[in-house]
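Chemist: Mind having a look at this structure? Questions to follow.
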Amino acid sequence: MDKVYDHRKYEQKIYSLWEKNGAFTPKVDKSKNPFTIIMPPPNANDPLHVGHAREVATQDILIRYHRMKGNSTLWLPGSDHAGIETQYVFEKKLREKGKSRSDYDRDTLYNMIWDYVKDNTGVMEKQLRQLGASCDWSRFKFTLDEKIIKIVYKTFKKLYYDGLIYRGERIVNYCPLCGTSFSQLEVNYIEKEDELYYLDYETLTIATTRPETIFADVAIAVNPKDNKYKKLVGKAAKIPLINREVPIITDRLVDLNFGTGALKVTPGHDPVDFEIGEKHNLSIISVIDMEGKMINTPEKYISMKASVAREEVVKDLEEKGYIKKRERLHHSVGVCYKHKTPIEPIVSKQWFIKVKPLAEISKAALKKGEVKIVAKKYDKIAHHWLNNLKDWNISRQIVWGIRIPAWRCDKCLEWTITDGVVPKNCVSCGHEKLIQDPDTFDTWFSSGQWPYATLLAQSRISNFQFPISKNDKAKFEDFDYFYPTSVMNPAYDILPFWVIRMIMLGLYATTRVPFKIVLLHGLVRDRFGVKISKSKGNVINPIEMINKYGADSLRMASIWGSLVENDSSLSEDNIRGQRNFANKIWNAARFIFLESVAKRGGYSKAPTTKNSYDLKIIKQLRVTTKKVTRLLEKYRLNEAAETLYDFFWNQFANDYLEKTKSRRKDAQKILDFVLQESLKLLHPFMPFVTEAIWQESKNRFNNTTLISSSWPK
RNA sequence: GGGCGUUUAGCUCAGUGGUAGAGCGCUUCGUUCACAUCGAAGAGGUCGUUGGUUCAAAUCCAACAGCGCCCACCA
C-alpha cells in the first residue's frame with residue numbers, strides 16, 4: 001500500500017469491479033423487502049453541477065446502506081429531455097449561426113435537437129459513475145424512450161376520457177421570446193418601477209400601466225361597495241382614441257383604493273380581467289399576437305412591438321389630452337423564468353388538466369400518511385400548493401418534447417385522442433382528414449409520471465390500461481415489486497413542479513402513491529452561504545473537485561455540516577478536510593496491515609478479549625454502530641457522517657490505535673475486527689477508499705466485495 | 001399584503017428540556033515510530049432582544065428586531 005491514498009489509482013477500477021459483479025442490479029426477490037429510489041433525472045445534455053453531487057451522495061448513501069442491510073435495492077437512473085431548457089439552449093446556438101427556429105420545419109428542427117442531445121449523451125452518465133453512484137444502469141430510462149412516451153400517452157388519454165383534461169380558450173402565460181406558453185409555476189415576478197397613466201374615459205378616469213391594451217377593453221369595472229361610482233354603474237365609458245363605448249360594471253375583485261378605483265377590463269391580456277370577463281360573459285379582444293406584435297388596433301399601431309406601441313399610444317393620448325395624470329408605480333410584474341422578460345398574458349386554446357380532483361386525492365394520501373414529507377416545513381408548503389394550484393396548462397408551443405396525441409377533425413373540428421396511434425377517422429363524425437395538434441407536453445407532465453413510467457417501461461407487457469391497481473399484481477415484474485417506491489429525494493425548489501404532480505398523477509394512474517417518503521434536499525451554497533451562480537463566479541465544478549481530491553471527499557463534504565433538507569455551504573477547505581480523512585482511513589488500515597492477519601476471512605462478531613482498551617473500543621464501536629444506524633433511518637446523514645468521523649479518527653486512530661503499539665500482536669485481532677466494521681459503516685459515505693482498502697486487505701476480511709457485505713449490527 | 005424559515009465560537013453549520021458542540025480557520029509546542037493529507041495542548045460563545053412556562057430553557061410559548069425564501073388579482 002502506498003503511503004498516501006491516491007484516489008486516481010483506484011476509483012475507476014473499483015467502479016468497474018462493482019459493475020462487473022452486478023452489484024447495482026437487484027433481483028425481484030419476494031423473500032426480501034425492496035428499497036427503491038427513482039433518481040430525479042438530470043437534463044440529458046447538461047453536465048452535472050455541484051448540487052447534483054450532493055443529491056447523488058445523499059441517495060447513494062441511502063442506497064448502499066439499504067443494500068448492505070439486505071434489502072433488494074434499486075436505484076433507477078434516467079435522464080430528462082427537459083423540453084424548454086434544451087430548446088432554449090439549442091435556439092441560442094442557432095442564433096449564433098444567424099438562424100432561428102422558424103428557418104426549419106418541425107421535423108427538421110426536432111431531429112437537429114435530437115442530434116444535439118445525442119452528442120452530449122454519456123457526459124452526465126459518466127459523471128454519475130465518477131461520483132460513485134451505485135445505480136442500476138441496466139434499467140436506465142430517458143424521458144423520450146418509446147415505452148415511456150407510450151405510457152405518457154396512456155395517462156393523457158385516460159385523463160381526457162375521464163373528463164380531467166379539457167381544451168380551453170383561456171388566458172395563458174406567454175413568453176414571446178420563448179414562443180411558448182407556460183403554466184403558472186414557470187412565471188417569476190420581479191419588482192419594477194413603471195408609469196401609471198390616468199386616462200380619461202369620459203364618464204370616469206381609469207389608471208393603467210398598459211395603455212397599449214386599451215383597444216382590447218371590453219368594460220370598466222368598479223367595486224360594488226364604491227359609493228363614488230354607484231350612480232355610474234350600467235352607464236357607458238368611452239375608450240380614448242377609438243371612441244368605442246364599453247359598459248361600466250361592478251366586480252369585487254376591483255381594489256377601490258388603487259388608482260381611481262376604476263379598472264379597465266381587458267380579458268384578452270390580463271389574468272384578473274379574464275376572470276372578470278368570464279364571470280360577466282364579456283367578449284375577448286386580442287390586440288397582441290403570439291409574436292408580441294399589435295393586432296386589431298387602429299392602422300398605425302398594427303404590427304408594432306407591444307413595447308413600441310405603448311410609447312406611440314402614450315404620445316397620441318398625450319397630444320389629444322387624454323392623460324390626466326402620471327404616477328410612478330412600484331409593482332411586480334410576471335417575467336419569463338428563462339429570459340427574465342415580461343410574460344405576455346394572451347388568450348389561446350391549450351390543453352388544461354383540472355387540478356382540483358387530483359389535488360384532493362393527494363391531500364387525502366398525505367393525511368393518511370401514505371406519503372410522508374420528512375421535514376414538516378415542506379409538508380406545509382405542499383399543502384399550500386395543493387390548495388392553490390390552478391388548472392395546469394400542459395401545452396407547449398415547442399417541438400422538443402412529446403407531441404400531444406390529439407387530432408382535430410378537419411370537418412367537424414372535434415378532437416380525437418388516442419394513446420399514440422394515428423387515428424384513421426374522427427371519433428365524432430368519422431371524417432378521414434385529421435390534423436395533429438402541433439404542441440408538445442409540458443416536460444413536467446411526463447416527468448410527473450416518472451416513478452410508475454420507469455418501472456412499467458421495464459415490463460414486457462405494454463398493452464394495458466390505466467388505472468393499474470394493487471389487484472393487477474403479478475404482471476408487471478419490476479412495477480409490482482418496487483412500486484410504490486421508498487424515497488424521493490429532489491431539491492426543495494421543485495416541490496410544486498414535480499413532487500406534487502408525481503403524487504397527483506401517480507395516485508390517479510396507479511391508485512397508489514408513487515413513493516412513501518419525500519426527502520427534499522437543500523441547495524448547495526458557497527462557503528459564505530451565498531447562492532452559487534455563474535455570474536457570481538463562485539461555481540464549484542464537481543468533476544474538478546473529484547480529480548483533485550477524490551469522489552469520496554466531495555461526497556462527504558457535500559453532505560457534511562447541514563441536514564439534508566437545509567441549504568449547505570461547501571468550500572474547497574471542507575473537501576480537502578475530507579480528503580485528509582480518507583487518507584487517515586487509508587493509513588490506519590496500512591498500519592493494521594503491517595502485522596500479519598490474526599484470522600483469515602474476517603469476523604462475524606467481536607473477538608474475545610480481556611484487555612480494557614480492547615473492551616472500550618469494542619463498546620465504542622457498538623455505540624457508534626447503533627447511533628449511525630439510527631441516524632440513517634432518520635435521514636440525518638450529516639450527523640451520521642460526523643459521528644463516524646469522530647469515531648474513526650479520534651476514538652479508533654488517535655486513542656486506541658496508539659495504545660496498541662506496545663502490545664501489537666496481542667491486539668491484532670481487535671484491530672482487524674474494528675477496521676472491518678468501520679469500513680462497512682463508512683462505505684456508504686466513502687465507497688471508493690473503503691472498497692479499495694477492502695480489496696487491498698487480501699482476504700483479511702472476506703473474499704467478496706465490501707459493497708455486498710452486510711451492515712453491522 | 002400573506003405564509004414559511006432562520007438568528008449558537010472568526011466562517012459554515014449540528015444540537016429541540018438537564019453542567020455549550022463539529023469541521024474549517026487561529027495560537028503554541030511536537031513529530032525518523034501508519035499518516036505533516038500528522039500528533040499534543042490551547043484561545044474563542046452571557047446560544048438575536050425582551051418577557052413568560054418550568055426545579056431546570058440554546059431547546060417550549062409570546063412579542064419585537066435583523067436576515068432569507070416562497071406565494072399573491074396593486075390593474
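All residue names refer to the C-alpha cells as shown: chains lettered A, B, ... in order, residues numbered from 1 in each chain, ligands numbered from 1 in order.
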Pull out every residue of chain B that has at least one atom within 8 Å of chain A, counting only C-alpha atoms (C1' of nucleotides), and report them as a count of residues only.

Modeler: 15

Chemist: Which residues come within 9 Å of A:His431, counting only C-alpha atoms (C1' of nucleotides), excluding same-chain residues fewer than 5 positions away, as a VMD selection string?

Modeler: chain A and resid 409 to 412 424 to 426

Chemist: Just want the 8 Å neighbourhood of stretch 120-130 of chain A, counted on only C-alpha atoms (C1' of nucleotides), with same-chain residues fewer than 4 positions away dropped. Output as a PyMOL selection string.

Modeler: chain A and resi 11-12+15+42+44-48+56+116+134+543+546+551

Chemist: Please provide as a list in words all residues within 8 Å of stretch 453-457 of chain A, with the sequence filter that same-chain residues fewer than 6 positions apart are discarded (counting only C-alpha atoms (C1' of nucleotides)).

Modeler: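 Counting only C-alpha atoms (C1' of nucleotides), the residues come to Lys141, Lys147, Ile148, Ile151, Val152, Phe476, Asp478, Phe479, Phe482 and Tyr483 of chain A.
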
Chemist: If you run DSSP over the backbone, which residues in stretch 126-196 of chain A end up strand (DSSP E)? Put them as a PyMOL selection string.

Modeler: chain A and resi 141-142+165-175+180-182+187-196

Chemist: Keeping only N, CA and C atoms, take the residues you just selected and write them out as a CSV table (one decimal), in the first residue's frame.

Modeler:
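This went into out.csv:
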```
chain,number,residue,atom,x,y,z
A,141,LYS,N,-33.5,4.9,-18.0
A,141,LYS,CA,-34.6,5.4,-18.8
A,141,LYS,C,-34.4,6.9,-19.2
A,142,PHE,N,-34.8,7.1,-20.4
A,142,PHE,CA,-34.8,8.5,-20.9
A,142,PHE,C,-36.3,8.9,-21.1
A,165,ILE,N,-59.2,16.4,-18.5
A,165,ILE,CA,-58.4,17.3,-19.4
A,165,ILE,C,-59.4,18.0,-20.3
A,166,TYR,N,-59.2,19.2,-20.5
A,166,TYR,CA,-60.1,20.0,-21.4
A,166,TYR,C,-59.3,20.9,-22.3
A,167,ARG,N,-59.8,21.2,-23.4
A,167,ARG,CA,-59.1,22.2,-24.3
A,167,ARG,C,-59.8,23.5,-24.1
A,168,GLY,N,-59.2,24.5,-23.6
A,168,GLY,CA,-59.9,25.7,-23.2
A,168,GLY,C,-59.3,26.9,-23.9
A,169,GLU,N,-60.1,27.8,-24.2
A,169,GLU,CA,-59.6,29.1,-24.7
A,169,GLU,C,-59.5,29.9,-23.4
A,170,ARG,N,-58.3,30.0,-22.9
A,170,ARG,CA,-58.1,30.6,-21.7
A,170,ARG,C,-56.9,31.5,-21.7
A,171,ILE,N,-56.7,32.3,-20.7
A,171,ILE,CA,-55.6,33.2,-20.7
A,171,ILE,C,-54.4,32.4,-20.3
A,172,VAL,N,-53.3,32.5,-21.0
A,172,VAL,CA,-52.1,31.7,-20.6
A,172,VAL,C,-50.9,32.7,-20.5
A,173,ASN,N,-49.9,32.2,-19.8
A,173,ASN,CA,-48.7,33.0,-19.7
A,173,ASN,C,-47.8,32.7,-20.9
A,174,TYR,N,-47.7,33.7,-21.7
A,174,TYR,CA,-46.9,33.5,-22.9
A,174,TYR,C,-45.7,34.3,-23.0
A,175,CYS,N,-44.6,33.7,-23.3
A,175,CYS,CA,-43.3,34.4,-23.5
A,175,CYS,C,-43.1,34.6,-25.0
A,180,THR,N,-43.6,30.3,-26.5
A,180,THR,CA,-44.5,29.3,-25.9
A,180,THR,C,-45.2,29.8,-24.7
A,181,SER,N,-46.2,29.1,-24.3
A,181,SER,CA,-46.9,29.4,-23.1
A,181,SER,C,-46.3,28.6,-21.9
A,182,PHE,N,-46.7,29.0,-20.7
A,182,PHE,CA,-46.2,28.3,-19.5
A,182,PHE,C,-47.3,28.1,-18.6
A,187,VAL,N,-43.8,31.2,-14.2
A,187,VAL,CA,-43.7,32.6,-14.2
A,187,VAL,C,-43.0,33.1,-12.9
A,188,ASN,N,-42.0,34.0,-13.1
A,188,ASN,CA,-41.4,34.6,-11.9
A,188,ASN,C,-41.9,36.0,-11.8
A,189,TYR,N,-41.7,36.6,-10.7
A,189,TYR,CA,-42.1,38.0,-10.5
A,189,TYR,C,-40.9,38.9,-10.1
A,190,ILE,N,-40.8,40.0,-10.8
A,190,ILE,CA,-39.8,41.0,-10.3
A,190,ILE,C,-40.4,42.3,-10.0
A,191,GLU,N,-39.8,43.0,-9.1
A,191,GLU,CA,-40.2,44.3,-8.7
A,191,GLU,C,-39.8,45.3,-9.7
A,192,LYS,N,-40.6,46.2,-10.0
A,192,LYS,CA,-40.3,47.2,-11.1
A,192,LYS,C,-41.0,48.5,-10.9
A,193,GLU,N,-40.3,49.6,-11.4
A,193,GLU,CA,-40.9,50.9,-11.4
A,193,GLU,C,-41.6,51.0,-12.8
A,194,ASP,N,-42.8,51.4,-12.8
A,194,ASP,CA,-43.5,51.7,-14.1
A,194,ASP,C,-44.3,53.0,-14.0
A,195,GLU,N,-44.7,53.4,-15.2
A,195,GLU,CA,-45.5,54.6,-15.2
A,195,GLU,C,-47.0,54.2,-15.1
A,196,LEU,N,-47.7,54.9,-14.2
A,196,LEU,CA,-49.1,54.6,-14.1
A,196,LEU,C,-49.9,55.8,-14.8
```
